Every structure is written in structure tokens, then in C-alpha cells.
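Written below as C-alpha cells is the structure these notes are about.
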Amino acid sequence: KQIIQVINPNTSLAMTETIGAAARAVAAENTEIIAVCPAQGVPSIEGHFDEAIAAIGVLEQIKAGREQGVSGHVIACFGDPGLLAARELAQGPVVGIAEAAMHMATLVATRFSIVTTLPRTLIIARHLLQQYGFEHHCAALHAIDLPVLALEDGSGKAQEKVRQRCIQSIREDGCGAIVLGCGGMADLAQELTRELGVPVIDGVTAAVKMVESLLALGLSTSKHGDLDYPIRKKLSGQFERLN
Ligand SMILES: O=C(O)C[C@H]1NC(=O)NC1=O
């Protein structure tokens with residue numbers, strides 16, 4: 001059995017459950033999923049400040065996962081917070097859900113649109129499109145204008161807004177696929193794909209399969225150059241636990 005650690009960088013236990021269940025639904029027979037979130041941090045990630053806080057929690061979980069002998073890691077927040085720092089710390093592959101969903105979308109469509117939560121996080125997705133080289137593949141970015149945790153309030157309101165936005169985007173954007181821009185939307189992709197007849201891609205499941213592919217190919221994070229383990233130095237105070 002290989003273990004893939006799926007990290008929800010926010011501290012919402014309900015969202016961690018949603019993410020873990022989606023990951024387990026697609027995991028291979030020989031893959032065990034452990035879904036975790038930081039003990040301390042931010043309940044939802046809705047901007048740059050939240051991302052900076054969440055990144056520390058991601059690094060703590062990566063360190064813990066390494067010590068537990070996990071084979072690979074998924075960062076299950078659409079901003080891919082702490083991704084490169086996590087890759088320095090990790091031995092195994094680390095894949096973020098935004099990059100995973102974007103890569104998958106480019107394999108099935110020439111253009112994809114992104115549907116996420118709050119308008120203010122659209123800049124984060126834009127930055128990732130630039131960083132990953134997918135700017136020219138993204139037709140449009142949309143926000144349902146509800147907070148991240150509206151996805152976990154049980155009302156179904158956020159899920160319906162995602163559905164409506166996907167329908168409008170397919171009609172208006174000239175996109176062939178949709179990328180769901182939140183870890184908390186992981187459970188919506190398969191049903192929306194069936195109903196809308198267009199690939200609606202969730203990054204949690206995409207990232208799990210990409211980590212499995214990397215492992216199957218014997219590929220781990222390169223330790224040659226800028227993703228080598230961090231330079232050893234004495235971390236102080238609250239950061240001692242990252243030594
Ligand atoms: O940026 C977003 O809207 C979604 C992002 N925030 C969060 O707490 N988990 C996420 O996937």
C-alpha cells in the first residue's frame with residue numbers, strides 16, 4: 001500500500017471530510033488516503049493573508065507526513081498555498097489542486113473557465129495561471145460571490161450557485177471544460193459533468209491521480225537545485241517544530 005496525504009490547508013473539519021471522501025472515491029486499490037488539516041490556522045482561505053497563515057500549517061503537515069512515511073502529498077486548496085516550500089520539505093511528489101485541475105483541463109479542452117468562491121480570490125487563480133503557464137488556456141474566471149464555508153453550511157445554496165455559474169460559463173465563455181476553484185467543491189464535479197455534458201474538473205481528485213501517476217513512474221520531487229531540502233538553520237519560537 002502507498003499512502004497519499006491530502007492536506008486541507010484550512011482548519012475546517014467538515015471541508016477536510018468532503019475532500020477526503022472525494023480523494024478516497026478515486027484512489028487506486030493500492031493507495032491509502034489520509035486527509036488532514038492543520039490543528040491551528042485559518043478556517044477558510046479567502047485571500048493573501050489567509051494563504052500566508054495556511055502555508056505554515058501545510059509545511060507542518062508535510063513534515064508530519066514525511067515522518068509517517070507517506071509516499072506523496074496533495075495540497076487541497078485552490079491557491080496551492082506553500083506549494084514550492086512544501087516541495088523543498090517533501091521527499092515524495094507534492095501536487096496542488098489548482099495545478100492538477102488546470103493540467104487535466106488542458107488535456108480535454110483547448111479552453112477552460114474557472115468557477116470559484118469570492119471575487120477577491122480570482123487574483124490568486126490569475127497568478128497561478130501565469131505561474132503554471134496556462135494563461136492562454138483559460139477563457140474566463142468567475143466567482144459565485146459566497147464565502148468558502150458556505151459550501152459546508154448544508155443549505156445547498158453555494159452548490160446551486162456553482163451549478164448555475166457553470167451553465168452560464170459553458171454558454172458564454174467558449175470554454176470546453178470547467179475547473180472548480182475550491183477544495184470544498186470536490187464532491188460536485190462528477191454530477192456536474194454528467195448533467196452538463198462538459199468536463200467539470202475538480203482538483204482534489206485530479207491531484208490524487210497525478211500523485212499516483214508520478215509514483216507509478218518512480219518520479220519524486222527533484223532534489224537537484226532549488227527544490228532541495230531547506231538549508232539547515234536554527235528555527236526559533238513557534239517555528240522550532242519545523243526544525
Ligand atoms: O480560494 C478559494 O475560494 C478556495 C480555497 N479556499 C479554501 O479555504 N479552500 C480552497 O480551495
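Starting from 1 in every chain, residues are counted up; chains themselves are A, B, ... following the order of the C-alpha cells, and ligands are numbered from 1 as listed.
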
Could you name the residues that touch Gly79 of chain A at 10 Å or less, counting only C-alpha atoms, but leaving out those on the same chain fewer than 2 positions away, as a compact mmCIF listing (two decimals) with all heavy atoms, in the first residue's frame?
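This went into part_38.txt:
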```txt
# COMPACT_ATOMS: atom_id res chain seq x y z
N PRO A 9 -5.58 22.83 3.68
CA PRO A 9 -4.80 23.85 4.41
C PRO A 9 -5.63 24.72 5.36
O PRO A 9 -5.05 25.38 6.21
CB PRO A 9 -4.20 24.72 3.29
CG PRO A 9 -4.25 23.86 2.07
CD PRO A 9 -5.50 23.06 2.22
N ILE A 45 -9.69 29.93 3.48
CA ILE A 45 -8.62 30.70 2.83
C ILE A 45 -9.24 31.55 1.73
O ILE A 45 -9.71 31.02 0.72
CB ILE A 45 -7.52 29.77 2.30
CG1 ILE A 45 -6.91 29.00 3.48
CG2 ILE A 45 -6.45 30.55 1.53
CD1 ILE A 45 -6.21 27.73 3.10
N GLU A 46 -9.28 32.86 1.98
CA GLU A 46 -10.03 33.75 1.08
C GLU A 46 -9.20 35.00 0.74
O GLU A 46 -9.73 36.09 0.58
CB GLU A 46 -11.36 34.14 1.73
CG GLU A 46 -12.25 32.90 1.92
CD GLU A 46 -13.50 33.20 2.74
OE1 GLU A 46 -13.39 33.93 3.74
OE2 GLU A 46 -14.58 32.71 2.36
N GLY A 47 -7.89 34.82 0.65
CA GLY A 47 -7.05 35.96 0.31
C GLY A 47 -5.59 35.68 0.64
O GLY A 47 -5.24 34.61 1.15
N HIS A 48 -4.74 36.68 0.37
CA HIS A 48 -3.29 36.50 0.50
C HIS A 48 -2.90 36.31 1.97
O HIS A 48 -2.04 35.51 2.30
CB HIS A 48 -2.57 37.73 -0.08
CG HIS A 48 -3.02 38.06 -1.46
ND1 HIS A 48 -2.76 37.27 -2.56
CD2 HIS A 48 -3.78 39.09 -1.92
CE1 HIS A 48 -3.29 37.81 -3.63
NE2 HIS A 48 -3.92 38.91 -3.28
N GLU A 51 -3.68 32.87 3.04
CA GLU A 51 -2.74 31.92 2.41
C GLU A 51 -1.42 31.87 3.15
O GLU A 51 -0.85 30.79 3.36
CB GLU A 51 -2.47 32.33 0.95
CG GLU A 51 -3.57 31.95 -0.01
CD GLU A 51 -3.03 31.76 -1.43
OE1 GLU A 51 -2.08 32.46 -1.81
OE2 GLU A 51 -3.55 30.88 -2.12
N ILE A 75 -1.91 19.26 -1.90
CA ILE A 75 -2.30 20.49 -1.20
C ILE A 75 -3.68 20.86 -1.73
O ILE A 75 -3.83 21.26 -2.89
CB ILE A 75 -1.29 21.63 -1.43
CG1 ILE A 75 0.09 21.23 -0.87
CG2 ILE A 75 -1.78 22.93 -0.78
CD1 ILE A 75 1.18 22.26 -1.08
N ALA A 76 -4.69 20.66 -0.87
CA ALA A 76 -6.09 20.70 -1.33
C ALA A 76 -6.76 22.05 -1.09
O ALA A 76 -7.84 22.14 -0.49
CB ALA A 76 -6.88 19.58 -0.67
N CYS A 77 -6.10 23.10 -1.58
CA CYS A 77 -6.70 24.45 -1.55
C CYS A 77 -6.37 25.08 -2.90
O CYS A 77 -5.25 24.92 -3.40
CB CYS A 77 -6.07 25.29 -0.44
SG CYS A 77 -6.47 27.05 -0.57
N PRO A 81 -1.42 26.89 -1.64
CA PRO A 81 -0.55 27.62 -0.70
C PRO A 81 0.65 26.79 -0.24
O PRO A 81 0.52 25.64 0.12
CB PRO A 81 -1.48 27.91 0.50
CG PRO A 81 -2.57 26.92 0.41
CD PRO A 81 -2.76 26.63 -1.05
N GLY A 82 1.81 27.44 -0.28
CA GLY A 82 3.04 26.81 0.21
C GLY A 82 3.59 25.73 -0.69
O GLY A 82 4.46 24.96 -0.29
N LEU A 83 3.12 25.68 -1.95
CA LEU A 83 3.48 24.55 -2.82
C LEU A 83 4.98 24.35 -2.97
O LEU A 83 5.51 23.26 -2.72
CB LEU A 83 2.84 24.73 -4.20
CG LEU A 83 3.12 23.62 -5.23
CD1 LEU A 83 2.53 22.30 -4.80
CD2 LEU A 83 2.58 24.00 -6.61
N GLY A 96 -0.50 20.44 -6.14
CA GLY A 96 -1.58 21.33 -5.69
C GLY A 96 -2.83 21.11 -6.55
O GLY A 96 -2.74 20.76 -7.72
N ILE A 97 -4.00 21.39 -5.96
CA ILE A 97 -5.24 21.07 -6.70
C ILE A 97 -5.49 22.03 -7.85
O ILE A 97 -6.10 21.66 -8.86
CB ILE A 97 -6.47 20.99 -5.77
CG1 ILE A 97 -6.81 22.34 -5.13
CG2 ILE A 97 -6.29 19.91 -4.73
CD1 ILE A 97 -8.16 22.33 -4.40
N ALA A 98 -4.97 23.26 -7.75
CA ALA A 98 -5.17 24.18 -8.87
C ALA A 98 -4.34 23.72 -10.08
O ALA A 98 -4.88 23.57 -11.18
CB ALA A 98 -4.78 25.61 -8.48
N GLU A 99 -3.07 23.42 -9.83
CA GLU A 99 -2.24 22.99 -10.97
C GLU A 99 -2.76 21.67 -11.55
O GLU A 99 -2.79 21.48 -12.77
CB GLU A 99 -0.77 22.89 -10.58
CG GLU A 99 -0.43 21.81 -9.59
CD GLU A 99 1.08 21.72 -9.30
OE1 GLU A 99 1.88 22.31 -10.02
OE2 GLU A 99 1.42 21.05 -8.32
N THR A 121 -10.60 36.32 -4.53
CA THR A 121 -9.59 35.26 -4.68
C THR A 121 -9.27 35.01 -6.16
O THR A 121 -8.40 34.21 -6.49
CB THR A 121 -10.04 33.92 -4.04
OG1 THR A 121 -11.14 33.40 -4.80
CG2 THR A 121 -10.43 34.11 -2.60
N LEU A 122 -9.99 35.71 -7.06
CA LEU A 122 -9.74 35.49 -8.50
C LEU A 122 -8.29 35.85 -8.85
O LEU A 122 -7.66 35.19 -9.69
CB LEU A 122 -10.71 36.32 -9.35
CG LEU A 122 -12.16 35.85 -9.32
CD1 LEU A 122 -13.07 36.83 -10.05
CD2 LEU A 122 -12.31 34.46 -9.95
N ILE A 123 -7.73 36.86 -8.16
CA ILE A 123 -6.35 37.26 -8.47
C ILE A 123 -5.38 36.13 -8.17
O ILE A 123 -4.37 35.93 -8.84
CB ILE A 123 -5.96 38.54 -7.70
CG1 ILE A 123 -4.56 39.05 -8.11
CG2 ILE A 123 -5.95 38.32 -6.20
CD1 ILE A 123 -4.45 39.49 -9.56
N ILE A 124 -5.71 35.34 -7.17
CA ILE A 124 -4.84 34.21 -6.79
C ILE A 124 -4.84 33.19 -7.93
O ILE A 124 -3.78 32.70 -8.35
CB ILE A 124 -5.30 33.58 -5.46
CG1 ILE A 124 -5.12 34.61 -4.31
CG2 ILE A 124 -4.56 32.28 -5.17
CD1 ILE A 124 -5.71 34.19 -2.98
N ALA A 125 -6.02 32.93 -8.48
CA ALA A 125 -6.10 31.98 -9.60
C ALA A 125 -5.38 32.55 -10.83
O ALA A 125 -4.67 31.83 -11.54
CB ALA A 125 -7.56 31.69 -9.93
N ARG A 126 -5.52 33.88 -11.03
CA ARG A 126 -4.82 34.51 -12.16
C ARG A 126 -3.30 34.35 -12.03
O ARG A 126 -2.61 34.03 -12.99
CB ARG A 126 -5.15 36.01 -12.24
CG ARG A 126 -6.53 36.34 -12.78
CD ARG A 126 -6.69 37.86 -13.00
NE ARG A 126 -8.09 38.24 -12.99
CZ ARG A 126 -8.93 37.98 -14.00
NH1 ARG A 126 -8.48 37.36 -15.07
NH2 ARG A 126 -10.20 38.33 -13.93
N HIS A 127 -2.82 34.58 -10.82
CA HIS A 127 -1.36 34.44 -10.59
C HIS A 127 -0.91 33.02 -10.87
O HIS A 127 0.16 32.79 -11.46
CB HIS A 127 -1.01 34.84 -9.15
CG HIS A 127 -1.04 36.32 -8.91
ND1 HIS A 127 -1.02 36.87 -7.64
CD2 HIS A 127 -1.10 37.37 -9.78
CE1 HIS A 127 -1.05 38.20 -7.74
NE2 HIS A 127 -1.11 38.53 -9.01
N LEU A 128 -1.72 32.04 -10.48
CA LEU A 128 -1.33 30.64 -10.71
C LEU A 128 -1.34 30.32 -12.22
O LEU A 128 -0.45 29.64 -12.72
CB LEU A 128 -2.27 29.70 -9.96
CG LEU A 128 -2.17 29.75 -8.44
CD1 LEU A 128 -3.16 28.76 -7.82
CD2 LEU A 128 -0.76 29.48 -7.94
N GLY A 181 -12.96 25.84 -8.60
CA GLY A 181 -11.87 26.55 -7.94
C GLY A 181 -11.89 26.50 -6.42
O GLY A 181 -11.59 27.51 -5.77
N CYS A 182 -12.25 25.33 -5.85
CA CYS A 182 -12.22 25.24 -4.39
C CYS A 182 -12.19 23.77 -3.98
O CYS A 182 -12.92 22.94 -4.55
CB CYS A 182 -13.44 25.91 -3.78
SG CYS A 182 -13.44 25.86 -1.96
N GLY A 183 -11.37 23.48 -2.97
CA GLY A 183 -11.31 22.10 -2.48
C GLY A 183 -12.68 21.63 -2.00
O GLY A 183 -13.02 20.46 -2.13
```

Self-check item: Shell of 12 Å around Ile231 of chain A, only C-alpha atoms, local chain residues under 5 positions omitted, as a list in words
Solution: Ala85, Glu88, Leu89, Gly225, Asp226 and Asn243 of chain A

Quiz item: Which residue gives the smallest distance to Gln130 of chain A among A:Leu13, A:Met185, A:Val95, A:Met102, with only C-alpha atoms counted?
Solution: A:Met102

Go through segment 176-240 of chain A residue by residue and, counting only C-alpha atoms, keep those with an atom at most 7 Å from segment 18-28 of chain A; for each kept residue give the shortest atom pair and its distance in Å to one decimal, ordered by chain and increasing number, as a tab-separated table.
```
residue	atom	partner	partner_atom	distance
A:Gly183	CA	A:Ile19	CA	6.4
A:Gly184	CA	A:Ile19	CA	6.5
A:Ala186	CA	A:Ala22	CA	6.0
A:Asp187	CA	A:Ala22	CA	5.9
A:Val204	CA	A:Ala23	CA	6.3
A:Thr205	CA	A:Ala23	CA	5.4
A:Val208	CA	A:Ala23	CA	6.4
```

Kindly save the residues from that selection, with all heavy atoms included, as a short mmCIF file (atom, residue, chain, number, x, y, z; two decimals), in the first residue's frame.
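Contents of the output file selection27.cif:
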```
data_model
loop_
_atom_site.label_atom_id
_atom_site.label_comp_id
_atom_site.auth_asym_id
_atom_site.auth_seq_id
_atom_site.Cartn_x
_atom_site.Cartn_y
_atom_site.Cartn_z
N GLY A 183 -11.37 23.48 -2.97
CA GLY A 183 -11.31 22.10 -2.48
C GLY A 183 -12.68 21.63 -2.00
O GLY A 183 -13.02 20.46 -2.13
N GLY A 184 -13.46 22.56 -1.50
CA GLY A 184 -14.78 22.21 -0.97
C GLY A 184 -15.80 21.89 -2.04
O GLY A 184 -16.93 21.49 -1.74
N ALA A 186 -15.11 19.60 -4.30
CA ALA A 186 -14.60 18.33 -4.83
C ALA A 186 -15.72 17.33 -5.10
O ALA A 186 -15.65 16.53 -6.02
CB ALA A 186 -13.60 17.72 -3.87
N ASP A 187 -16.80 17.41 -4.33
CA ASP A 187 -17.88 16.41 -4.47
C ASP A 187 -18.88 16.78 -5.56
O ASP A 187 -19.87 16.09 -5.75
CB ASP A 187 -18.60 16.22 -3.12
CG ASP A 187 -19.13 17.54 -2.58
OD1 ASP A 187 -18.70 18.61 -3.07
OD2 ASP A 187 -19.99 17.51 -1.68
N VAL A 204 -8.97 18.11 -6.42
CA VAL A 204 -8.59 17.12 -5.41
C VAL A 204 -8.41 15.76 -6.06
O VAL A 204 -7.35 15.12 -5.94
CB VAL A 204 -9.65 17.04 -4.28
CG1 VAL A 204 -9.32 15.90 -3.32
CG2 VAL A 204 -9.76 18.36 -3.54
N THR A 205 -9.42 15.34 -6.82
CA THR A 205 -9.34 14.02 -7.47
C THR A 205 -8.26 14.03 -8.55
O THR A 205 -7.50 13.06 -8.67
CB THR A 205 -10.70 13.64 -8.06
OG1 THR A 205 -11.22 14.75 -8.81
CG2 THR A 205 -11.68 13.30 -6.95
N VAL A 208 -4.88 13.66 -6.78
CA VAL A 208 -4.63 12.30 -6.27
C VAL A 208 -4.13 11.41 -7.40
O VAL A 208 -3.13 10.70 -7.26
CB VAL A 208 -5.92 11.71 -5.64
CG1 VAL A 208 -5.77 10.20 -5.39
CG2 VAL A 208 -6.24 12.43 -4.34
#
```

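One distance worth recording is that between atom CA of Phe112 of chain A and atom CA of Lys157 of chain A, which is 23.9 Å.
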